[in-house]
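> Mind having a look at this structure? Questions to follow.
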Amino acid sequence: MDSISPVIDGFGVVLQPENLLYCLIGVLVGMLVGVLPGLGPAATIAILLPLTFNVEPVTAIIMLAGIFYGAQYGGTITSVLLRLPGEASSVVTVFDGYALARQGKAGTALGIAAIGSFIGGTVSIVALTFLAPLIAGFALDFGPPEYTVLALLGIMLVATVSNGGRLKAVIAACVGLLLATVGRDGFTGAERFTFDSLSMADGIDFVPIAMGIFGLGEILYNLEQRDAASKPPAKVKNVWPSRSELRQSSGAIGRGSVIGFVLGILPGGGAVLSSMAAYGVEKKRAKDPSRFGKGAVEGVAAPETANNAAATSSFIPLLTLGIPANATIAVIFGALLIQGVTPGPQLVEDNPDLFWGVVNSMYIGNILLLIMSIPLVGLFVKILTIRSSILAPITVLITLIGVYTVANSTFDIFLVCVFGLLGYLMKKFGFEPGPLVLAFVLGSLLESNARRSLIVFEGDVTGFVTRPISGTLLAAFLIVLLLPLVGLARRWRRDTDAALTHPEPTAPGAPTAPAEHADADADADADADADAEKPRTELTGVNNSHRAADPHHKEHP
């Protein structure tokens with residue numbers, strides 16, 4: 001009974017009028033953000049960080065969490081109606097969602113997506129309710145060595161499981177680690193990379209980095225990429241899917257819930273990877289894979305279920321270990337720190353109202369999403385008609401005012417502009433900004449715990465291996481590090497075997513490859529004699545033209 005009472009008290013926190021209002025605001029803003037292509041929940045949460053300073057921490061995180069999982073469904077609307085994914089996790093939904101809309105089944109696609117999102121989110125919340133306290137209890141045994149290896153594992157997973165190229169993700173993560181070292185050394189007091197600037201003596205704050213890279217950088221990039229051509233949206237009718245369509249998509253919804261929950265926990269996983277993985281699984285399982293891309297209901301149900309399940313389960317490592325699993329969760333991590341709350345294993349015991357209030361608010365938020373998703377489709381489509389030239393200046397102004405209000409510092413405005421330019425250049429040249437921000441967040445955790453560990457071990461690095469938990473995590477880190485190399489070796493061996501098994505045809509007139517053994521010379525001579533007996537009509541045009549151009553050419557007997 002003692003274990004259930006905090007959960008019940010959490011519902012009492014959520015059902016307070018103020019928290020219900022902020023949950024509703026978060027879900028609505030999230031859906032709006034999902035509809036507007038390119039902005040994304042990470043950028044929106046970063047821009048809205050200053051607005052959370054004057055409210056209670058639980059209220060602020062409830063709203064920010066609502067923005068995150070609300071954006072996952074918002075992106076579905078434009079993916080289905082306009083073939084325009086408003087959110088990165090909805091890219092896969094375009095394939096079959098828009099095809100269904102062209103068949104007059106836009107309502108069916110949106111209905112299946114809403115049901116799958118609700119089920120996936122609810123399954124993930126239930127699992128979060130039962131698993132999070134267990135993981136937090138296990139994590140109480142973590143010391144500096146365990147947190148060192150865990151942060152190292154998180155950075156490596158983010159760098160290897162990235163939407164862009166692995167090399168670019170590693171470079172972005174290295175830049176994030178470098179930025180985390182700026183400022184005064186916490187152990188020796190020495191200044192690092194401050195360039196004799198007092199404003200940088202305390203290091204770079206998280207807010208200017210997040211608001212610059214995700215906020216200003218995304219706005220600049222979207223202004224360059226905006227498409228002036230507008231497409232008329234498909235008409236929505238028959239929103240509730242038929243019984244056969246529900247039966248057809250039930251398996252995809254179940255598998256998408258599991259895939260999304262598991263991949264959402266992993267650092268670097270998140271909604272984008274989960275939706276792609278769920279779509280790939282359904283296509284491989286299908287008896288007729290050719291249906292996918294032409295309006296398969298499973299092609300909408302699986303990714304939409306998976307991305308909502310992943311959005312919810314990504315809160316597990318944040319709330320129990322203090323490790324952000326993706327870029328958006330990293331911004332929410334920064335919001336918790338700004339509110340004076342340190343996420344980690346002690347959060348369940350020290351601040352149960354916040355922990356269970358945030359978890360239980362997701363039940364309410366998912367119900368609100370299910371209720372509002374279809375009636376508000378027309379409103380969200382009309383919002384798309386607002387020109388970027390109007391929205392962008394307003395968003396930039398809010399960003400700059402917001403970052404100034406954090407510390408009343410004009411230097412922070414300068415930093416936002418610098419990181420905004422960096423974020424724009426990263427997007428332009430194919431670098432994902434997520435690994436940089438996550439590495440920046442985990443960098444301070446990695447450095448401080450690594451140095452504490454070395455003090456405890458008296459400089460002996462083998463201490464990381466001798467401790468059971470850190471040794472296991474270190475083995476997982478090595479596996480993650482070696483997996484890409486193993487895949488590269490297998491690919492090279494497969495290509496080599498294919499080249500030996502199916503050699504490329506020799507060009508006419510080109511010399512033949514040498515025989516493998518010396519005793520094959522006689523067979524080669526016999527083949528040459530047989531070729532000489534072939535009719536002239538079987539010779540290639542290249543050889544014929546060569547002989548016609550050479551009057552001294554003679555046929556061999």
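Letters A, B, ... mark the chains of the structure tokens in the order given; residue numbers begin at 1 per chain; ligand numbers begin at 1, in order shown.
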Write out as a PDB file with N, CA, C and O atoms, in the first residue's frame the set of residues from stretch 120-355 of chain A that DSSP, computed on the backbone, places in strand (DSSP E or B).


ATOM      1  N   GLY A 183      35.177  27.443 -19.073  1.00  0.00           N
ATOM      2  CA  GLY A 183      34.899  28.026 -17.763  1.00  0.00           C
ATOM      3  C   GLY A 183      35.935  27.623 -16.732  1.00  0.00           C
ATOM      4  O   GLY A 183      36.979  27.039 -17.038  1.00  0.00           O
ATOM      5  N   ARG A 184      35.637  27.911 -15.485  1.00  0.00           N
ATOM      6  CA  ARG A 184      36.558  27.650 -14.387  1.00  0.00           C
ATOM      7  C   ARG A 184      36.515  26.180 -13.987  1.00  0.00           C
ATOM      8  O   ARG A 184      35.440  25.597 -13.825  1.00  0.00           O
ATOM      9  N   GLU A 191      41.167  28.600 -15.191  1.00  0.00           N
ATOM     10  CA  GLU A 191      40.228  28.995 -16.235  1.00  0.00           C
ATOM     11  C   GLU A 191      40.602  28.320 -17.553  1.00  0.00           C
ATOM     12  O   GLU A 191      41.781  28.270 -17.921  1.00  0.00           O
ATOM     13  N   ARG A 192      39.564  27.820 -18.264  1.00  0.00           N
ATOM     14  CA  ARG A 192      39.786  27.079 -19.500  1.00  0.00           C
ATOM     15  C   ARG A 192      38.952  27.699 -20.622  1.00  0.00           C
ATOM     16  O   ARG A 192      37.730  27.832 -20.495  1.00  0.00           O
TER      17      ARG A 192
END

> Between atom CA of A:Ile125 and atom CA of A:Asp141, what distance in Å does the model show, to one decimal?

25.1 Å

> Quick one: residues within 12 Å of stretch 205-207 of chain A, only C-alpha atoms, excluding same-chain residues fewer than 6 positions away - as a PyMOL selection string?

chain A and resi 42-43+45-50+176+179-183+199+213-215+330-338+399-400+402-407+409+411-413+415-416+419+436-444

> Name the residues of stretch 208-313 of chain A that come out as alpha helix (DSSP H) in a backbone DSSP run; write them as a ChimeraX atom specification.

/A:208-210,217-225,243-265,270-285,298-313

> Neighbouring residues of A:Phe292 were defined as those with any atom within 8 Å, considering only C-alpha atoms; residues of the same chain fewer than 5 positions away were excluded. Please report them as a list in words.

Phe95, Asp96, Lys283 and Gly299 of chain A

> Restricting it to N, CA, C and O atoms, dump the selection as an mmCIF file, in the first residue's frame.


data_model
loop_
_atom_site.group_PDB
_atom_site.id
_atom_site.type_symbol
_atom_site.label_atom_id
_atom_site.label_comp_id
_atom_site.auth_asym_id
_atom_site.auth_seq_id
_atom_site.Cartn_x
_atom_site.Cartn_y
_atom_site.Cartn_z
ATOM 1 N N PHE A 95 4.491 8.013 -46.238
ATOM 2 C CA PHE A 95 4.472 6.998 -47.289
ATOM 3 C C PHE A 95 3.070 6.433 -47.518
ATOM 4 O O PHE A 95 2.586 6.378 -48.645
ATOM 5 N N ASP A 96 2.417 5.996 -46.429
ATOM 6 C CA ASP A 96 1.098 5.377 -46.567
ATOM 7 C C ASP A 96 -0.029 6.315 -46.161
ATOM 8 O O ASP A 96 -1.153 6.153 -46.635
ATOM 9 N N LYS A 283 6.806 -3.974 -42.606
ATOM 10 C CA LYS A 283 7.008 -4.254 -44.028
ATOM 11 C C LYS A 283 7.640 -5.623 -44.225
ATOM 12 O O LYS A 283 7.304 -6.348 -45.172
ATOM 13 N N GLY A 299 1.093 0.695 -42.224
ATOM 14 C CA GLY A 299 2.162 1.659 -42.439
ATOM 15 C C GLY A 299 1.931 2.981 -41.728
ATOM 16 O O GLY A 299 2.861 3.783 -41.589
#

> Would you compute the distance between atom CA of A:Met362 and atom CA of A:Pro343? Give it in Å to one decimal.

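Calculated distance between atom CA of A:Met362 and atom CA of A:Pro343 is 18.0 Å.
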
> What's the 12 Å shell around A:Val14, counting only C-alpha atoms, without same-chain residues fewer than 6 positions away, as an NGL selection string?

:A and (7-8 or 20-24 or 58-63 or 353-365)

> How many Å separate atom CA of A:Pro144 from atom CA of A:Thr462?

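Those two atoms sit 14.2 Å apart.
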
> Stretch 245-257 of chain A: which residues within 7 Å, counting only C-alpha atoms, same-chain residues fewer than 2 positions away excluded, as a PyMOL selection string?

chain A and resi 116+120+123+241-243+259-261+278+282+297-298+301-303+305-306+309

> If we count only C-alpha atoms and set the cut-off at 12 Å, which residues sit around A:Leu474, ignoring sequence neighbours fewer than 5 positions away in its own chain? Please answer as number ranges by chain.

A: 145-154, 156, 461-469, 479-481

> Just write the chosen residues, N, CA, C and O atoms, as a PDB file, in the first residue's frame.


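Wrote it out as result.pdb, contents follow:
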ATOM      1  N   PRO A 145      32.145   6.105 -10.523  1.00  0.00           N
ATOM      2  CA  PRO A 145      32.572   5.264 -11.655  1.00  0.00           C
ATOM      3  C   PRO A 145      31.412   4.860 -12.556  1.00  0.00           C
ATOM      4  O   PRO A 145      31.544   4.848 -13.795  1.00  0.00           O
ATOM      5  N   GLU A 146      30.270   4.512 -11.945  1.00  0.00           N
ATOM      6  CA  GLU A 146      29.116   4.078 -12.744  1.00  0.00           C
ATOM      7  C   GLU A 146      28.569   5.231 -13.584  1.00  0.00           C
ATOM      8  O   GLU A 146      28.241   5.044 -14.767  1.00  0.00           O
ATOM      9  N   TYR A 147      28.485   6.403 -12.991  1.00  0.00           N
ATOM     10  CA  TYR A 147      27.990   7.551 -13.751  1.00  0.00           C
ATOM     11  C   TYR A 147      28.966   7.962 -14.848  1.00  0.00           C
ATOM     12  O   TYR A 147      28.555   8.456 -15.900  1.00  0.00           O
ATOM     13  N   THR A 148      30.254   7.751 -14.619  1.00  0.00           N
ATOM     14  CA  THR A 148      31.236   8.058 -15.656  1.00  0.00           C
ATOM     15  C   THR A 148      31.008   7.190 -16.886  1.00  0.00           C
ATOM     16  O   THR A 148      30.917   7.688 -18.021  1.00  0.00           O
ATOM     17  N   VAL A 149      30.906   5.881 -16.660  1.00  0.00           N
ATOM     18  CA  VAL A 149      30.726   4.955 -17.793  1.00  0.00           C
ATOM     19  C   VAL A 149      29.348   5.137 -18.411  1.00  0.00           C
ATOM     20  O   VAL A 149      29.188   5.031 -19.632  1.00  0.00           O
ATOM     21  N   LEU A 150      28.331   5.436 -17.588  1.00  0.00           N
ATOM     22  CA  LEU A 150      26.988   5.631 -18.123  1.00  0.00           C
ATOM     23  C   LEU A 150      26.941   6.859 -19.029  1.00  0.00           C
ATOM     24  O   LEU A 150      26.327   6.825 -20.112  1.00  0.00           O
ATOM     25  N   ALA A 151      27.579   7.949 -18.618  1.00  0.00           N
ATOM     26  CA  ALA A 151      27.628   9.146 -19.466  1.00  0.00           C
ATOM     27  C   ALA A 151      28.404   8.863 -20.749  1.00  0.00           C
ATOM     28  O   ALA A 151      28.008   9.300 -21.844  1.00  0.00           O
ATOM     29  N   LEU A 152      29.495   8.106 -20.631  1.00  0.00           N
ATOM     30  CA  LEU A 152      30.287   7.744 -21.810  1.00  0.00           C
ATOM     31  C   LEU A 152      29.467   6.881 -22.760  1.00  0.00           C
ATOM     32  O   LEU A 152      29.488   7.084 -23.985  1.00  0.00           O
ATOM     33  N   LEU A 153      28.698   5.939 -22.200  1.00  0.00           N
ATOM     34  CA  LEU A 153      27.839   5.080 -23.026  1.00  0.00           C
ATOM     35  C   LEU A 153      26.753   5.896 -23.712  1.00  0.00           C
ATOM     36  O   LEU A 153      26.439   5.683 -24.886  1.00  0.00           O
ATOM     37  N   GLY A 154      26.163   6.855 -22.973  1.00  0.00           N
ATOM     38  CA  GLY A 154      25.125   7.695 -23.567  1.00  0.00           C
ATOM     39  C   GLY A 154      25.642   8.516 -24.727  1.00  0.00           C
ATOM     40  O   GLY A 154      25.000   8.610 -25.775  1.00  0.00           O
ATOM     41  N   MET A 156      28.246   7.826 -26.622  1.00  0.00           N
ATOM     42  CA  MET A 156      28.573   6.938 -27.740  1.00  0.00           C
ATOM     43  C   MET A 156      27.313   6.473 -28.466  1.00  0.00           C
ATOM     44  O   MET A 156      27.286   6.403 -29.698  1.00  0.00           O
ATOM     45  N   VAL A 461      43.103   3.226 -13.439  1.00  0.00           N
ATOM     46  CA  VAL A 461      41.922   3.177 -14.313  1.00  0.00           C
ATOM     47  C   VAL A 461      41.278   1.796 -14.327  1.00  0.00           C
ATOM     48  O   VAL A 461      40.129   1.654 -14.765  1.00  0.00           O
ATOM     49  N   THR A 462      41.992   0.768 -13.863  1.00  0.00           N
ATOM     50  CA  THR A 462      41.382  -0.571 -13.836  1.00  0.00           C
ATOM     51  C   THR A 462      40.256  -0.658 -12.816  1.00  0.00           C
ATOM     52  O   THR A 462      39.501  -1.634 -12.802  1.00  0.00           O
ATOM     53  N   GLY A 463      40.143   0.345 -11.948  1.00  0.00           N
ATOM     54  CA  GLY A 463      39.047   0.339 -10.986  1.00  0.00           C
ATOM     55  C   GLY A 463      37.683   0.366 -11.648  1.00  0.00           C
ATOM     56  O   GLY A 463      36.698  -0.136 -11.087  1.00  0.00           O
ATOM     57  N   PHE A 464      37.588   0.958 -12.844  1.00  0.00           N
ATOM     58  CA  PHE A 464      36.307   0.967 -13.569  1.00  0.00           C
ATOM     59  C   PHE A 464      35.877  -0.443 -13.961  1.00  0.00           C
ATOM     60  O   PHE A 464      34.684  -0.720 -14.069  1.00  0.00           O
ATOM     61  N   VAL A 465      36.844  -1.332 -14.171  1.00  0.00           N
ATOM     62  CA  VAL A 465      36.535  -2.693 -14.611  1.00  0.00           C
ATOM     63  C   VAL A 465      36.214  -3.591 -13.427  1.00  0.00           C
ATOM     64  O   VAL A 465      35.381  -4.498 -13.523  1.00  0.00           O
ATOM     65  N   THR A 466      36.868  -3.370 -12.291  1.00  0.00           N
ATOM     66  CA  THR A 466      36.707  -4.265 -11.144  1.00  0.00           C
ATOM     67  C   THR A 466      35.351  -4.109 -10.458  1.00  0.00           C
ATOM     68  O   THR A 466      34.866  -5.055  -9.849  1.00  0.00           O
ATOM     69  N   ARG A 467      34.731  -2.946 -10.572  1.00  0.00           N
ATOM     70  CA  ARG A 467      33.399  -2.762  -9.972  1.00  0.00           C
ATOM     71  C   ARG A 467      32.355  -3.397 -10.879  1.00  0.00           C
ATOM     72  O   ARG A 467      32.371  -3.187 -12.102  1.00  0.00           O
ATOM     73  N   PRO A 468      31.422  -4.198 -10.330  1.00  0.00           N
ATOM     74  CA  PRO A 468      30.510  -4.992 -11.183  1.00  0.00           C
ATOM     75  C   PRO A 468      29.656  -4.142 -12.131  1.00  0.00           C
ATOM     76  O   PRO A 468      29.588  -4.424 -13.328  1.00  0.00           O
ATOM     77  N   ILE A 469      29.011  -3.086 -11.592  1.00  0.00           N
ATOM     78  CA  ILE A 469      28.092  -2.308 -12.435  1.00  0.00           C
ATOM     79  C   ILE A 469      28.851  -1.521 -13.483  1.00  0.00           C
ATOM     80  O   ILE A 469      28.513  -1.544 -14.677  1.00  0.00           O
ATOM     81  N   ILE A 479      30.946  -2.787 -26.741  1.00  0.00           N
ATOM     82  CA  ILE A 479      30.116  -3.409 -27.776  1.00  0.00           C
ATOM     83  C   ILE A 479      29.570  -2.357 -28.732  1.00  0.00           C
ATOM     84  O   ILE A 479      29.604  -2.524 -29.958  1.00  0.00           O
ATOM     85  N   VAL A 480      29.061  -1.272 -28.165  1.00  0.00           N
ATOM     86  CA  VAL A 480      28.538  -0.185 -29.005  1.00  0.00           C
ATOM     87  C   VAL A 480      29.644   0.402 -29.876  1.00  0.00           C
ATOM     88  O   VAL A 480      29.428   0.752 -31.043  1.00  0.00           O
ATOM     89  N   LEU A 481      30.853   0.481 -29.314  1.00  0.00           N
ATOM     90  CA  LEU A 481      31.976   1.038 -30.063  1.00  0.00           C
ATOM     91  C   LEU A 481      32.408   0.127 -31.200  1.00  0.00           C
ATOM     92  O   LEU A 481      32.770   0.589 -32.288  1.00  0.00           O
TER      93      LEU A 481
END

> Looking at A:Leu379, A:Leu478, A:Leu266, A:Leu64, which one is nearest to A:Ala325, with distances taken over only C-alpha atoms?

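Checking each candidate against A:Ala325, we get A:Leu266 as the closest.
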
> Restricting the calculation to only C-alpha atoms, which member of A:Ala310, A:Val13, A:Ile77, A:Leu454 is positioned closest to A:Leu32?

A:Ile77

> Using only C-alpha atoms, pick whichever of A:Leu321, A:Asp202, A:Asn308, A:Val418 has the shortest atom-to-atom distance to A:Ala190.

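Going through A:Leu321, A:Asp202, A:Asn308, A:Val418 one by one, the smallest distance to A:Ala190 is for A:Asp202.
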